[in-house]
file data21.tsv (TSV, C-alpha atoms and all ligand atoms)
chain	number	residue	atom	x	y	z
A	1	MET	CA	-86.57	-36.79	14.61
A	2	ALA	CA	-90.38	-37.02	14.54
A	3	MET	CA	-92.24	-34.08	16.12
A	4	PRO	CA	-94.87	-34.99	18.69
A	5	THR	CA	-98.24	-34.02	17.22
A	6	VAL	CA	-100.47	-31.48	18.93
A	7	GLN	CA	-104.10	-30.61	18.24
A	8	THR	CA	-104.13	-27.43	16.11
A	9	GLU	CA	-107.01	-25.02	16.75
A	10	ILE	CA	-107.77	-22.53	13.98
A	11	LEU	CA	-109.68	-19.53	15.32
A	12	PRO	CA	-111.09	-16.79	13.11
A	13	ILE	CA	-110.32	-13.30	14.40
A	14	ASN	CA	-111.56	-9.91	13.24
A	15	ALA	CA	-108.61	-8.35	11.38
A	16	SER	CA	-109.50	-4.71	12.07
A	17	GLN	CA	-111.07	-5.04	15.54
A	18	PRO	CA	-109.76	-8.26	17.06
A	19	GLU	CA	-112.06	-9.81	19.70
A	20	GLU	CA	-110.52	-9.40	23.18
A	21	ARG	CA	-111.66	-12.89	24.16
A	22	VAL	CA	-109.66	-14.45	21.32
A	23	LEU	CA	-106.60	-12.28	22.06
A	24	ALA	CA	-106.76	-13.27	25.75
A	25	HIS	CA	-106.86	-16.97	24.81
A	26	ALA	CA	-103.85	-16.57	22.50
A	27	ALA	CA	-101.88	-14.50	25.03
A	28	ALA	CA	-102.52	-17.12	27.73
A	29	LEU	CA	-100.94	-19.76	25.48
A	30	LEU	CA	-97.90	-17.53	24.86
A	31	ARG	CA	-97.59	-16.91	28.61
A	32	ALA	CA	-97.55	-20.70	29.11
A	33	CYS	CA	-94.55	-20.92	26.71
A	34	GLU	CA	-96.68	-22.22	23.83
A	35	LEU	CA	-96.61	-21.14	20.17
A	36	VAL	CA	-99.31	-19.01	18.52
A	37	VAL	CA	-99.51	-18.23	14.79
A	38	PHE	CA	-100.87	-14.75	14.06
A	39	PRO	CA	-101.41	-12.56	11.01
A	40	THR	CA	-99.19	-9.55	10.31
A	41	GLU	CA	-99.44	-7.09	7.41
A	42	THR	CA	-96.46	-8.80	5.71
A	43	VAL	CA	-96.87	-12.57	6.25
A	44	TYR	CA	-98.14	-14.80	9.08
A	45	GLY	CA	-95.78	-15.09	12.07
A	46	LEU	CA	-95.02	-18.08	14.32
A	47	GLY	CA	-94.94	-16.39	17.71
A	48	ALA	CA	-93.43	-17.19	21.11
A	49	ALA	CA	-92.74	-15.06	24.18
A	50	ALA	CA	-89.37	-13.58	23.14
A	51	LEU	CA	-87.81	-13.40	26.61
A	52	GLN	CA	-88.59	-17.04	27.49
A	53	PRO	CA	-85.95	-19.34	25.95
A	54	ALA	CA	-88.10	-22.44	26.53
A	55	ALA	CA	-90.81	-20.89	24.34
A	56	VAL	CA	-88.39	-19.64	21.66
A	57	GLU	CA	-86.86	-23.10	21.44
A	58	LYS	CA	-90.23	-24.44	20.25
A	59	ILE	CA	-90.17	-22.12	17.23
A	60	PHE	CA	-87.02	-23.79	15.92
A	61	ALA	CA	-88.46	-27.26	16.51
A	62	ALA	CA	-91.81	-26.52	14.80
A	63	LYS	CA	-90.15	-24.94	11.73
A	64	GLU	CA	-87.18	-27.31	11.66
A	65	ARG	CA	-85.11	-24.14	11.49
A	66	PRO	CA	-81.39	-24.13	12.31
A	67	TYR	CA	-80.36	-22.21	15.44
A	68	SER	CA	-77.96	-20.15	13.32
A	69	ASP	CA	-80.89	-18.20	11.81
A	70	PRO	CA	-81.90	-15.42	14.26
A	71	LEU	CA	-85.48	-14.25	14.93
A	72	ILE	CA	-87.26	-10.90	14.69
A	73	VAL	CA	-88.69	-9.57	17.96
A	74	HIS	CA	-92.09	-7.88	17.58
A	75	ILE	CA	-93.14	-5.00	19.84
A	76	ALA	CA	-96.26	-2.83	20.18
A	77	SER	CA	-94.90	0.50	21.42
A	78	GLU	CA	-91.66	2.45	21.16
A	79	ALA	CA	-91.18	2.09	24.93
A	80	ASP	CA	-90.94	-1.72	24.52
A	81	ILE	CA	-87.65	-1.33	22.70
A	82	GLU	CA	-85.79	-0.03	25.77
A	83	HIS	CA	-85.73	-3.57	27.19
A	84	LEU	CA	-84.32	-5.13	24.02
A	85	VAL	CA	-81.79	-2.70	22.64
A	86	CYS	CA	-78.97	-0.68	24.12
A	87	ASP	CA	-77.64	2.49	22.60
A	88	ILE	CA	-80.32	3.76	20.19
A	89	SER	CA	-79.05	6.52	17.91
A	90	GLU	CA	-81.16	9.61	17.16
A	91	GLN	CA	-81.21	8.48	13.53
A	92	ALA	CA	-82.67	5.08	14.49
A	93	ARG	CA	-85.35	6.83	16.54
A	94	GLN	CA	-86.31	8.98	13.54
A	95	VAL	CA	-86.60	5.91	11.35
A	96	MET	CA	-88.83	4.17	13.92
A	97	ARG	CA	-91.09	7.21	14.25
A	98	HIS	CA	-91.45	7.47	10.50
A	99	PHE	CA	-91.94	3.82	9.51
A	100	TRP	CA	-93.44	2.13	12.59
A	101	PRO	CA	-95.83	0.52	12.88
A	102	GLY	CA	-95.12	-1.09	9.51
A	103	PRO	CA	-93.08	-3.57	7.43
A	104	LEU	CA	-89.61	-2.45	8.54
A	105	THR	CA	-87.27	-4.41	10.84
A	106	LEU	CA	-84.31	-2.66	12.44
A	107	VAL	CA	-81.11	-4.46	13.43
A	108	LEU	CA	-79.72	-2.73	16.54
A	109	PRO	CA	-77.20	-3.49	19.33
A	110	ALA	CA	-78.83	-6.13	21.56
A	111	HIS	CA	-79.42	-5.77	25.30
A	112	SER	CA	-77.91	-8.63	27.31
A	113	ARG	CA	-81.37	-9.75	28.47
A	114	VAL	CA	-82.36	-10.84	24.94
A	115	PRO	CA	-81.95	-14.64	24.88
A	116	ARG	CA	-79.07	-15.87	22.72
A	117	LEU	CA	-81.50	-18.24	21.03
A	118	VAL	CA	-83.28	-15.19	19.57
A	119	THR	CA	-80.12	-13.53	18.24
A	120	SER	CA	-78.23	-16.72	17.34
A	121	GLY	CA	-75.48	-15.39	19.56
A	122	LEU	CA	-74.98	-12.16	17.54
A	123	ASP	CA	-74.51	-8.90	19.45
A	124	THR	CA	-77.44	-7.37	17.54
A	125	VAL	CA	-81.19	-7.96	17.65
A	126	ALA	CA	-83.80	-7.48	14.91
A	127	VAL	CA	-86.89	-5.55	16.08
A	128	ARG	CA	-90.13	-4.65	14.34
A	129	MET	CA	-93.43	-3.01	15.27
A	130	PRO	CA	-96.06	-4.54	12.95
A	131	SER	CA	-99.12	-2.52	11.92
A	132	HIS	CA	-101.64	-5.38	11.85
A	133	PRO	CA	-104.23	-4.85	14.64
A	134	VAL	CA	-104.17	-8.56	15.56
A	135	ALA	CA	-100.36	-8.58	15.93
A	136	LEU	CA	-100.39	-5.36	17.96
A	137	GLY	CA	-103.34	-6.56	20.08
A	138	LEU	CA	-101.63	-9.86	20.84
A	139	ILE	CA	-98.35	-8.23	21.94
A	140	ARG	CA	-100.25	-5.71	24.11
A	141	THR	CA	-102.41	-8.39	25.71
A	142	LEU	CA	-99.34	-10.48	26.50
A	143	GLY	CA	-97.56	-7.37	27.77
A	144	ALA	CA	-94.22	-8.59	26.44
A	145	PRO	CA	-92.35	-8.81	23.11
A	146	VAL	CA	-93.07	-11.69	20.72
A	147	ALA	CA	-90.37	-13.43	18.68
A	148	ALA	CA	-91.76	-14.57	15.35
A	149	PRO	CA	-90.33	-15.86	12.11
A	150	SER	CA	-92.56	-16.42	9.11
A	151	ALA	CA	-94.93	-19.32	9.93
A	152	ASN	CA	-93.71	-21.71	7.22
A	153	ARG	CA	-91.53	-24.80	7.42
A	154	PHE	CA	-87.88	-23.89	7.00
A	155	MET	CA	-87.02	-23.35	3.31
A	156	HIS	CA	-90.65	-23.19	2.20
A	157	VAL	CA	-92.48	-20.12	0.85
A	158	SER	CA	-93.76	-17.70	3.55
A	159	PRO	CA	-97.50	-17.96	4.33
A	160	THR	CA	-99.91	-15.12	3.57
A	161	THR	CA	-103.08	-16.95	4.70
A	162	ALA	CA	-104.02	-19.19	7.64
A	163	GLN	CA	-104.54	-22.01	5.11
A	164	HIS	CA	-100.91	-21.72	3.99
A	165	VAL	CA	-99.87	-22.01	7.65
A	166	GLU	CA	-102.11	-25.01	8.16
A	167	ALA	CA	-100.47	-26.80	5.23
A	168	ASP	CA	-97.02	-26.36	6.81
A	169	LEU	CA	-97.59	-26.43	10.57
A	170	LYS	CA	-100.78	-28.36	11.35
A	171	GLY	CA	-100.06	-30.73	14.25
A	172	ARG	CA	-97.03	-28.65	15.27
A	173	VAL	CA	-98.70	-25.58	16.85
A	174	PRO	CA	-101.67	-25.37	19.26
A	175	LEU	CA	-103.27	-22.21	17.77
A	176	ILE	CA	-103.51	-20.41	14.43
A	177	LEU	CA	-105.35	-17.06	14.44
A	178	ASP	CA	-107.05	-16.64	11.06
A	179	GLY	CA	-107.32	-12.94	10.19
A	180	GLY	CA	-107.56	-13.34	6.41
A	181	ALA	CA	-104.90	-12.63	3.79
A	182	SER	CA	-101.84	-10.49	4.62
A	183	ALA	CA	-102.02	-7.19	2.72
A	184	VAL	CA	-98.34	-6.58	1.87
A	185	GLY	CA	-97.53	-10.20	1.03
A	186	VAL	CA	-93.72	-10.04	1.25
A	187	GLU	CA	-91.75	-9.95	4.50
A	188	SER	CA	-90.47	-6.78	6.16
A	189	THR	CA	-87.44	-4.89	4.92
A	190	ILE	CA	-84.50	-5.60	7.23
A	191	LEU	CA	-82.35	-2.51	7.82
A	192	ASP	CA	-79.07	-2.86	9.70
A	193	MET	CA	-78.61	0.26	11.83
A	194	SER	CA	-75.96	-1.26	14.08
A	195	SER	CA	-72.99	-0.06	12.02
A	196	GLU	CA	-71.80	3.20	10.42
A	197	LEU	CA	-73.85	3.11	7.24
A	198	PRO	CA	-77.48	1.94	7.40
A	199	THR	CA	-77.64	-1.10	5.11
A	200	ILE	CA	-80.57	-3.09	3.76
A	201	LEU	CA	-80.00	-6.78	4.52
A	202	ARG	CA	-83.31	-7.94	3.00
A	203	PRO	CA	-85.53	-5.87	0.69
A	204	GLY	CA	-89.19	-6.03	1.72
A	205	GLY	CA	-92.39	-4.13	2.42
A	206	VAL	CA	-90.72	-0.70	2.79
A	207	SER	CA	-89.01	0.31	-0.47
A	208	LEU	CA	-85.44	1.51	-0.93
A	209	GLU	CA	-86.86	4.74	-2.39
A	210	ALA	CA	-88.97	5.39	0.73
A	211	LEU	CA	-85.97	4.77	3.01
A	212	ARG	CA	-83.78	7.10	0.93
A	213	VAL	CA	-86.08	10.05	1.65
A	214	LEU	CA	-85.15	9.82	5.34
A	215	LEU	CA	-81.72	8.16	4.98
A	216	PRO	CA	-80.04	9.38	1.78
A	217	GLN	CA	-76.95	7.30	2.60
A	218	VAL	CA	-78.83	3.98	2.94
A	219	GLN	CA	-76.98	1.10	1.26
A	220	PRO	CA	-78.97	-1.18	-1.08
A	221	PRO	CA	-78.91	-4.92	-0.45
A	222	ARG	CA	-75.79	-6.72	-1.65
A	223	ALA	CA	-76.18	-8.87	-4.75
A	224	ARG	CA	-76.75	-12.46	-3.69
A	225	SER	CA	-74.02	-14.97	-3.96
A	226	LEU	CA	-74.92	-18.12	-5.86
A	227	ALA	CA	-71.81	-19.95	-4.74
A	228	THR	CA	-71.82	-22.54	-2.00
A	229	PRO	CA	-70.75	-20.98	1.28
A	230	ASP	CA	-67.01	-21.04	1.82
A	231	LEU	CA	-64.61	-19.00	3.88
A	232	ALA	CA	-64.96	-15.99	1.61
A	233	HIS	CA	-68.70	-15.92	2.27
A	234	GLU	CA	-68.54	-16.42	5.98
A	235	THR	CA	-68.66	-12.72	6.84
A	236	GLU	CA	-71.73	-12.26	4.69
A	237	ALA	CA	-73.40	-15.27	6.30
A	238	GLN	CA	-72.84	-13.73	9.71
A	239	LYS	CA	-74.03	-10.26	8.75
A	240	SER	CA	-77.26	-11.37	7.11
A	241	PRO	CA	-77.90	-14.88	8.34
A	242	GLY	CA	-80.60	-16.79	6.51
A	243	GLN	CA	-80.22	-14.52	3.50
A	244	MET	CA	-78.04	-16.66	1.27
A	245	LEU	CA	-79.66	-18.31	-1.71
A	246	ILE	CA	-78.23	-21.64	-0.77
A	247	HIS	CA	-80.65	-21.72	2.18
A	248	TYR	CA	-83.67	-21.94	-0.09
A	249	ALA	CA	-84.63	-25.00	-2.04
A	250	PRO	CA	-87.93	-24.90	-3.91
A	251	ARG	CA	-90.22	-27.93	-3.66
A	252	VAL	CA	-90.89	-27.67	-7.40
A	253	PRO	CA	-87.98	-26.58	-9.64
A	254	ALA	CA	-88.53	-23.02	-10.82
A	255	PHE	CA	-86.80	-20.70	-13.29
A	256	LEU	CA	-86.79	-16.90	-13.53
A	257	PHE	CA	-86.91	-15.40	-17.03
A	258	ASP	CA	-85.44	-11.91	-17.11
A	259	GLY	CA	-85.57	-9.39	-19.97
A	260	LEU	CA	-87.95	-7.21	-21.93
A	261	SER	CA	-91.59	-8.35	-21.75
A	262	MET	CA	-91.73	-9.63	-25.35
A	263	SER	CA	-88.43	-11.54	-25.06
A	264	MET	CA	-89.44	-13.07	-21.71
A	265	ARG	CA	-92.74	-14.32	-23.12
A	266	HIS	CA	-91.05	-15.73	-26.18
A	267	ALA	CA	-88.39	-17.58	-24.17
A	268	MET	CA	-90.95	-18.87	-21.66
A	269	LEU	CA	-93.23	-20.18	-24.42
A	270	LEU	CA	-90.35	-21.99	-26.12
A	271	GLU	CA	-89.24	-23.60	-22.85
A	272	LEU	CA	-92.85	-24.47	-22.03
A	273	GLN	CA	-93.35	-26.26	-25.35
A	274	ARG	CA	-90.03	-28.07	-25.02
A	275	ARG	CA	-90.99	-29.40	-21.60
A	276	GLN	CA	-94.51	-30.34	-22.69
A	277	ARG	CA	-93.03	-32.43	-25.51
A	278	GLN	CA	-91.12	-34.31	-22.78
A	279	GLY	CA	-94.40	-34.99	-21.02
A	280	GLU	CA	-93.95	-32.47	-18.19
A	281	THR	CA	-96.77	-30.33	-16.79
A	282	VAL	CA	-95.75	-26.70	-16.53
A	283	GLY	CA	-96.93	-23.79	-14.34
A	284	VAL	CA	-96.35	-20.16	-15.28
A	285	LEU	CA	-96.28	-17.20	-12.91
A	286	ILE	CA	-97.15	-14.23	-15.10
A	287	ALA	CA	-98.55	-10.68	-15.36
A	288	ASP	CA	-101.93	-9.48	-16.67
A	289	GLU	CA	-100.17	-8.32	-19.83
A	290	ASP	CA	-98.93	-11.88	-20.56
A	291	VAL	CA	-102.27	-13.68	-20.28
A	292	ALA	CA	-103.22	-13.57	-23.97
A	293	TYR	CA	-99.93	-15.26	-24.93
A	294	PHE	CA	-100.31	-18.18	-22.49
A	295	GLN	CA	-104.08	-18.69	-22.62
A	296	SER	CA	-104.05	-21.64	-24.98
A	297	SER	CA	-100.58	-22.94	-24.09
A	298	GLY	CA	-101.80	-25.76	-21.86
A	299	ALA	CA	-99.80	-24.40	-18.90
A	300	SER	CA	-101.32	-23.84	-15.46
A	301	MET	CA	-101.39	-20.04	-15.18
A	302	TYR	CA	-101.23	-17.92	-12.04
A	303	VAL	CA	-101.71	-14.25	-12.87
A	304	LEU	CA	-100.11	-11.92	-10.31
A	305	GLY	CA	-101.38	-8.54	-11.56
A	306	SER	CA	-100.20	-5.83	-13.91
A	307	GLU	CA	-96.45	-5.54	-14.47
A	308	GLU	CA	-96.90	-1.88	-13.43
A	309	ASP	CA	-98.55	-2.77	-10.11
A	310	ALA	CA	-95.79	-4.00	-7.78
A	311	THR	CA	-98.04	-3.67	-4.72
A	312	LYS	CA	-100.58	-6.12	-6.12
A	313	VAL	CA	-97.93	-8.48	-7.50
A	314	ALA	CA	-96.17	-8.58	-4.10
A	315	SER	CA	-99.42	-9.34	-2.30
A	316	ARG	CA	-100.13	-12.34	-4.57
A	317	LEU	CA	-96.61	-13.69	-5.13
A	318	PHE	CA	-96.39	-16.30	-2.35
A	319	ALA	CA	-99.97	-17.47	-2.91
A	320	GLY	CA	-99.07	-17.91	-6.60
A	321	LEU	CA	-96.03	-20.08	-5.85
A	322	ARG	CA	-98.00	-22.20	-3.38
A	323	THR	CA	-100.97	-22.56	-5.72
A	324	LEU	CA	-98.80	-23.84	-8.59
A	325	GLU	CA	-97.00	-26.20	-6.20
A	326	ASP	CA	-100.36	-27.56	-5.03
A	327	VAL	CA	-101.60	-28.05	-8.61
A	328	GLY	CA	-98.72	-30.52	-8.88
A	329	VAL	CA	-96.84	-29.07	-11.85
A	330	ASP	CA	-93.38	-30.47	-12.60
A	331	VAL	CA	-91.79	-27.05	-13.08
A	332	ILE	CA	-92.68	-23.36	-12.59
A	333	LEU	CA	-91.58	-20.73	-15.11
A	334	CYS	CA	-91.64	-17.20	-13.63
A	335	ARG	CA	-91.32	-13.85	-15.32
A	336	ALA	CA	-89.31	-10.97	-13.83
A	337	PHE	CA	-90.85	-7.63	-12.84
A	338	PRO	CA	-89.49	-4.06	-12.82
A	339	GLU	CA	-87.25	-3.46	-9.79
A	340	THR	CA	-88.68	-0.17	-8.56
A	341	GLY	CA	-90.59	0.16	-5.27
A	342	LEU	CA	-91.71	-3.25	-3.98
A	343	GLY	CA	-90.23	-4.68	-7.20
A	344	LEU	CA	-86.86	-5.08	-5.44
A	345	ALA	CA	-88.43	-7.41	-2.86
A	346	ILE	CA	-90.36	-9.26	-5.59
A	347	ARG	CA	-87.16	-9.95	-7.51
A	348	ASP	CA	-85.40	-11.07	-4.33
A	349	ARG	CA	-88.17	-13.57	-3.49
A	350	LEU	CA	-88.32	-14.85	-7.08
A	351	LEU	CA	-84.55	-15.40	-6.99
A	352	LYS	CA	-84.95	-17.32	-3.74
A	353	ALA	CA	-87.84	-19.38	-5.08
A	354	THR	CA	-85.85	-20.28	-8.18
A	355	GLY	CA	-82.64	-20.92	-6.25
A	356	GLY	CA	-80.99	-18.27	-8.42
A	357	LYS	CA	-81.83	-20.06	-11.69
A	358	LEU	CA	-82.00	-16.89	-13.79
A	359	ILE	CA	-82.46	-17.08	-17.55
A	360	PRO	CA	-81.53	-13.80	-19.26
A	361	CYS	CA	-83.63	-13.24	-22.39
A	401	LIG	O1	-92.23	-9.56	7.81
A	401	LIG	C1	-91.47	-10.20	8.53
A	401	LIG	O2	-90.34	-9.80	8.81
A	401	LIG	C2	-91.99	-11.54	9.09
A	401	LIG	C3	-93.15	-11.24	10.02
A	401	LIG	C4	-93.66	-12.47	10.73
A	401	LIG	O3	-92.81	-10.22	10.91
A	401	LIG	N1	-90.94	-12.25	9.76
A	401	LIG	C5	-89.90	-12.83	9.09
A	401	LIG	O4	-89.05	-13.55	9.91
A	401	LIG	O5	-89.77	-12.76	7.90
A	401	LIG	P1	-88.00	-14.63	9.35
A	401	LIG	O6	-87.46	-15.30	10.56
A	401	LIG	O7	-88.63	-15.49	8.36
A	401	LIG	O8	-86.86	-13.76	8.75
A	401	LIG	C6	-86.11	-12.98	9.62
A	401	LIG	C7	-84.72	-12.82	9.15
A	401	LIG	C8	-83.76	-13.94	9.45
A	401	LIG	O9	-83.71	-14.92	8.45
A	401	LIG	C9	-82.43	-13.23	9.55
A	401	LIG	O10	-81.85	-13.21	8.27
A	401	LIG	C10	-82.79	-11.81	9.90
A	401	LIG	O11	-84.18	-11.74	9.93
A	401	LIG	N2	-82.28	-11.43	11.20
A	401	LIG	C11	-82.80	-11.63	12.42
A	401	LIG	N3	-82.00	-11.15	13.38
A	401	LIG	C12	-80.94	-10.60	12.76
A	401	LIG	C13	-79.76	-9.93	13.20
A	401	LIG	N4	-79.52	-9.72	14.49
A	401	LIG	N5	-78.88	-9.50	12.27
A	401	LIG	C14	-79.13	-9.71	10.95
A	401	LIG	N6	-80.23	-10.33	10.46
A	401	LIG	C15	-81.12	-10.78	11.36
A	402	MG	MG	-88.87	-16.68	6.83
call {"tool": "encode", "arguments": {"input": "data21.tsv", "output": "structure tokens"}}
result
Amino acid sequence: MAMPTVQTEILPINASQPEERVLAHAAALLRACELVVFPTETVYGLGAAALQPAAVEKIFAAKERPYSDPLIVHIASEADIEHLVCDISEQARQVMRHFWPGPLTLVLPAHSRVPRLVTSGLDTVAVRMPSHPVALGLIRTLGAPVAAPSANRFMHVSPTTAQHVEADLKGRVPLILDGGASAVGVESTILDMSSELPTILRPGGVSLEALRVLLPQVQPPRARSLATPDLAHETEAQKSPGQMLIHYAPRVPAFLFDGLSMSMRHAMLLELQRRQRQGETVGVLIADEDVAYFQSSGASMYVLGSEEDATKVASRLFAGLRTLEDVGVDVILCRAFPETGLGLAIRDRLLKATGGKLIPC
């Protein structure tokens, strides 16, 4: 079904001290059940007033997202959570006080006033207090929680700049607030605190190691299933909706090479040459340490940062995938990174981008 087109306004906003006039304009749109795209420290969010189903509905239409994939509700103070969640454990409160505002989403028992559209009918709700001044300012000016998924079309790479959002959602949203590039670059960590053992459903901007300091019993994310969903996978699909690999199809086929640095480079170069002989143009997503090996290979290179610097690599990962897509390469060959710290989220997003096409080397 064709979406009716709207005029999209792109307004620059000061990322550290957002102009009140711009925030008031954006909040007025949200109050009128319209969508507003805003920057967060992780990725850009596609926001709607969370307690107004008519507004939330527009998120799904603009993204072409299935209703079975629930949304994260963004708040600006700990008091805001009382209206969204029932039964908050002392442990959950400690986690909030330690990691909020910041890139951590908590899954908690939902209050009945949270629209079913937001939770996809689950009895839990995902809540996060972002640290980006524009996100916080917008929620405060509205005076109500904001539901926001990443501001990309469903199944595409999350946006870390207003230009990425424009490429996906121009004509589908009335306002994009441009606050520059998102600092973290991967989405928030989703931590399920609604059951006995706190469990990571999606690795993200807060590392497993950081969570373990406060929650020694925290469960790491489950290994992804590559199989098509069947009855055996139904429970997993319900527990972490939107997290199965099958939900992500890259626009350009991509492969993840996994092994020691020297073996990865060797295997990538061989595959690169093989494809070039077939007349394909190839993009490579690599580390600083790989540059010398690929410099004269004829591939389009996107250099993410040092293999030791997960923070930098995470912040550039989505821009790298989008840049190579835009160059128009036929295939993207990606290298794997160490899994410590933000490395766990990097690997997760590379697996998603490659649809699980992992090449051990
Ligand atoms: O960093 C982020 O989290 C960004 C920014 C905008 O805050 N948001 C984001 O939203 O990544 P989205 O919709 O792209 O991913 C949210 C995921 C959903 O796909 C779903 O898997 C999970 O959160 N989720 C939401 N509610 C849930 C619930 N009640 N139980 C389990 N998972 C839930
Ligand atoms: Mg998303």
call {"tool": "residues_near_ligand", "arguments": {"input": "data21.tsv", "ligand": "ligand LIG 401 (chain A)", "cutoff": "8 Å", "atoms": "all atoms listed in the file", "output": "ChimeraX atom specification"}}
result
/A:39-46,69-72,74,103-105,107-108,110,118-120,122-128,130,148-151,158,186-190,192,201-202,204-205,238-243
call {"tool": "residues_around", "arguments": {"input": "data21.tsv", "residues": "A:Ala135", "least_positions_apart": "3", "cutoff": "12 Å", "atoms": "all atoms listed in the file", "output": "JSON, numbers by chain"}}
result
{"A": [13, 14, 15, 16, 17, 18, 23, 26, 27, 36, 37, 38, 39, 40, 41, 42, 43, 44, 45, 46, 47, 73, 74, 75, 76, 77, 101, 102, 128, 129, 130, 131, 132, 138, 139, 140, 141, 142, 145, 146, 147, 148, 177, 178, 179, 182]}
call {"tool": "closest_residue", "arguments": {"input": "data21.tsv", "among": "A:Leu214, A:Ala345, A:Leu321, A:Val134", "to": "A:His156", "atoms": "all atoms listed in the file"}}
result
A:Leu321
call {"tool": "residues_near_point", "arguments": {"input": "data21.tsv", "point": "(-80.3, -21.7, 18.5)", "cutoff": "12 Å", "atoms": "only C-alpha atoms", "output": "short mmCIF file (atom, residue, chain, number, x, y, z; two decimals) with C-alpha atoms, in the coordinates of the input"}}
result
data_model
loop_
_atom_site.label_atom_id
_atom_site.label_comp_id
_atom_site.auth_asym_id
_atom_site.auth_seq_id
_atom_site.Cartn_x
_atom_site.Cartn_y
_atom_site.Cartn_z
CA PRO A 53 -85.95 -19.34 25.95
CA ALA A 54 -88.10 -22.44 26.53
CA VAL A 56 -88.39 -19.64 21.66
CA GLU A 57 -86.86 -23.10 21.44
CA LYS A 58 -90.23 -24.44 20.25
CA ILE A 59 -90.17 -22.12 17.23
CA PHE A 60 -87.02 -23.79 15.92
CA ALA A 61 -88.46 -27.26 16.51
CA GLU A 64 -87.18 -27.31 11.66
CA ARG A 65 -85.11 -24.14 11.49
CA PRO A 66 -81.39 -24.13 12.31
CA TYR A 67 -80.36 -22.21 15.44
CA SER A 68 -77.96 -20.15 13.32
CA ASP A 69 -80.89 -18.20 11.81
CA PRO A 70 -81.90 -15.42 14.26
CA LEU A 71 -85.48 -14.25 14.93
CA PRO A 115 -81.95 -14.64 24.88
CA ARG A 116 -79.07 -15.87 22.72
CA LEU A 117 -81.50 -18.24 21.03
CA VAL A 118 -83.28 -15.19 19.57
CA THR A 119 -80.12 -13.53 18.24
CA SER A 120 -78.23 -16.72 17.34
CA GLY A 121 -75.48 -15.39 19.56
CA LEU A 122 -74.98 -12.16 17.54
#
call {"tool": "residues_around", "arguments": {"input": "data21.tsv", "residues": "A:Arg347", "least_positions_apart": "6", "cutoff": "12 Å", "atoms": "all atoms listed in the file", "output": "PDB file with C-alpha atoms, keeping the file's coordinate frame"}}
result
ATOM      1  CA  VAL A 186     -93.720 -10.040   1.250  1.00  0.00           C
ATOM      2  CA  ARG A 202     -83.310  -7.940   3.000  1.00  0.00           C
ATOM      3  CA  PRO A 203     -85.530  -5.870   0.690  1.00  0.00           C
ATOM      4  CA  GLY A 204     -89.190  -6.030   1.720  1.00  0.00           C
ATOM      5  CA  PRO A 221     -78.910  -4.920  -0.450  1.00  0.00           C
ATOM      6  CA  ALA A 223     -76.180  -8.870  -4.750  1.00  0.00           C
ATOM      7  CA  ARG A 224     -76.750 -12.460  -3.690  1.00  0.00           C
ATOM      8  CA  LEU A 256     -86.790 -16.900 -13.530  1.00  0.00           C
ATOM      9  CA  PHE A 257     -86.910 -15.400 -17.030  1.00  0.00           C
ATOM     10  CA  ASP A 258     -85.440 -11.910 -17.110  1.00  0.00           C
ATOM     11  CA  ALA A 310     -95.790  -4.000  -7.780  1.00  0.00           C
ATOM     12  CA  VAL A 313     -97.930  -8.480  -7.500  1.00  0.00           C
ATOM     13  CA  ALA A 314     -96.170  -8.580  -4.100  1.00  0.00           C
ATOM     14  CA  LEU A 317     -96.610 -13.690  -5.130  1.00  0.00           C
ATOM     15  CA  CYS A 334     -91.640 -17.200 -13.630  1.00  0.00           C
ATOM     16  CA  ARG A 335     -91.320 -13.850 -15.320  1.00  0.00           C
ATOM     17  CA  ALA A 336     -89.310 -10.970 -13.830  1.00  0.00           C
ATOM     18  CA  PHE A 337     -90.850  -7.630 -12.840  1.00  0.00           C
ATOM     19  CA  PRO A 338     -89.490  -4.060 -12.820  1.00  0.00           C
ATOM     20  CA  GLU A 339     -87.250  -3.460  -9.790  1.00  0.00           C
ATOM     21  CA  THR A 340     -88.680  -0.170  -8.560  1.00  0.00           C
ATOM     22  CA  GLY A 341     -90.590   0.160  -5.270  1.00  0.00           C
ATOM     23  CA  ALA A 353     -87.840 -19.380  -5.080  1.00  0.00           C
ATOM     24  CA  THR A 354     -85.850 -20.280  -8.180  1.00  0.00           C
ATOM     25  CA  GLY A 355     -82.640 -20.920  -6.250  1.00  0.00           C
ATOM     26  CA  GLY A 356     -80.990 -18.270  -8.420  1.00  0.00           C
ATOM     27  CA  LEU A 358     -82.000 -16.890 -13.790  1.00  0.00           C
TER      28      LEU A 358
END
call {"tool": "atom_distance", "arguments": {"input": "data21.tsv", "atom1": "atom CA of A:Arg93", "atom2": "atom CA of A:Gly137"}}
result
22.7 Å
call {"tool": "closest_residue", "arguments": {"input": "data21.tsv", "among": "A:Ser315, A:Gln295, A:Gln91, A:Gln163", "to": "A:Leu11", "atoms": "only C-alpha atoms"}}
result
A:Gln163
call {"tool": "residues_around", "arguments": {"input": "data21.tsv", "residues": "A:Ala92", "least_positions_apart": "5", "cutoff": "10 Å", "atoms": "all atoms listed in the file", "output": "PDB file with C-alpha atoms, keeping the file's coordinate frame"}}
result
ATOM      1  CA  ASP A  87     -77.640   2.490  22.600  1.00  0.00           C
ATOM      2  CA  ARG A  97     -91.090   7.210  14.250  1.00  0.00           C
ATOM      3  CA  HIS A  98     -91.450   7.470  10.500  1.00  0.00           C
ATOM      4  CA  LEU A 106     -84.310  -2.660  12.440  1.00  0.00           C
ATOM      5  CA  VAL A 107     -81.110  -4.460  13.430  1.00  0.00           C
ATOM      6  CA  LEU A 108     -79.720  -2.730  16.540  1.00  0.00           C
ATOM      7  CA  ASP A 192     -79.070  -2.860   9.700  1.00  0.00           C
ATOM      8  CA  MET A 193     -78.610   0.260  11.830  1.00  0.00           C
ATOM      9  CA  SER A 194     -75.960  -1.260  14.080  1.00  0.00           C
ATOM     10  CA  PRO A 198     -77.480   1.940   7.400  1.00  0.00           C
TER      11      PRO A 198
END
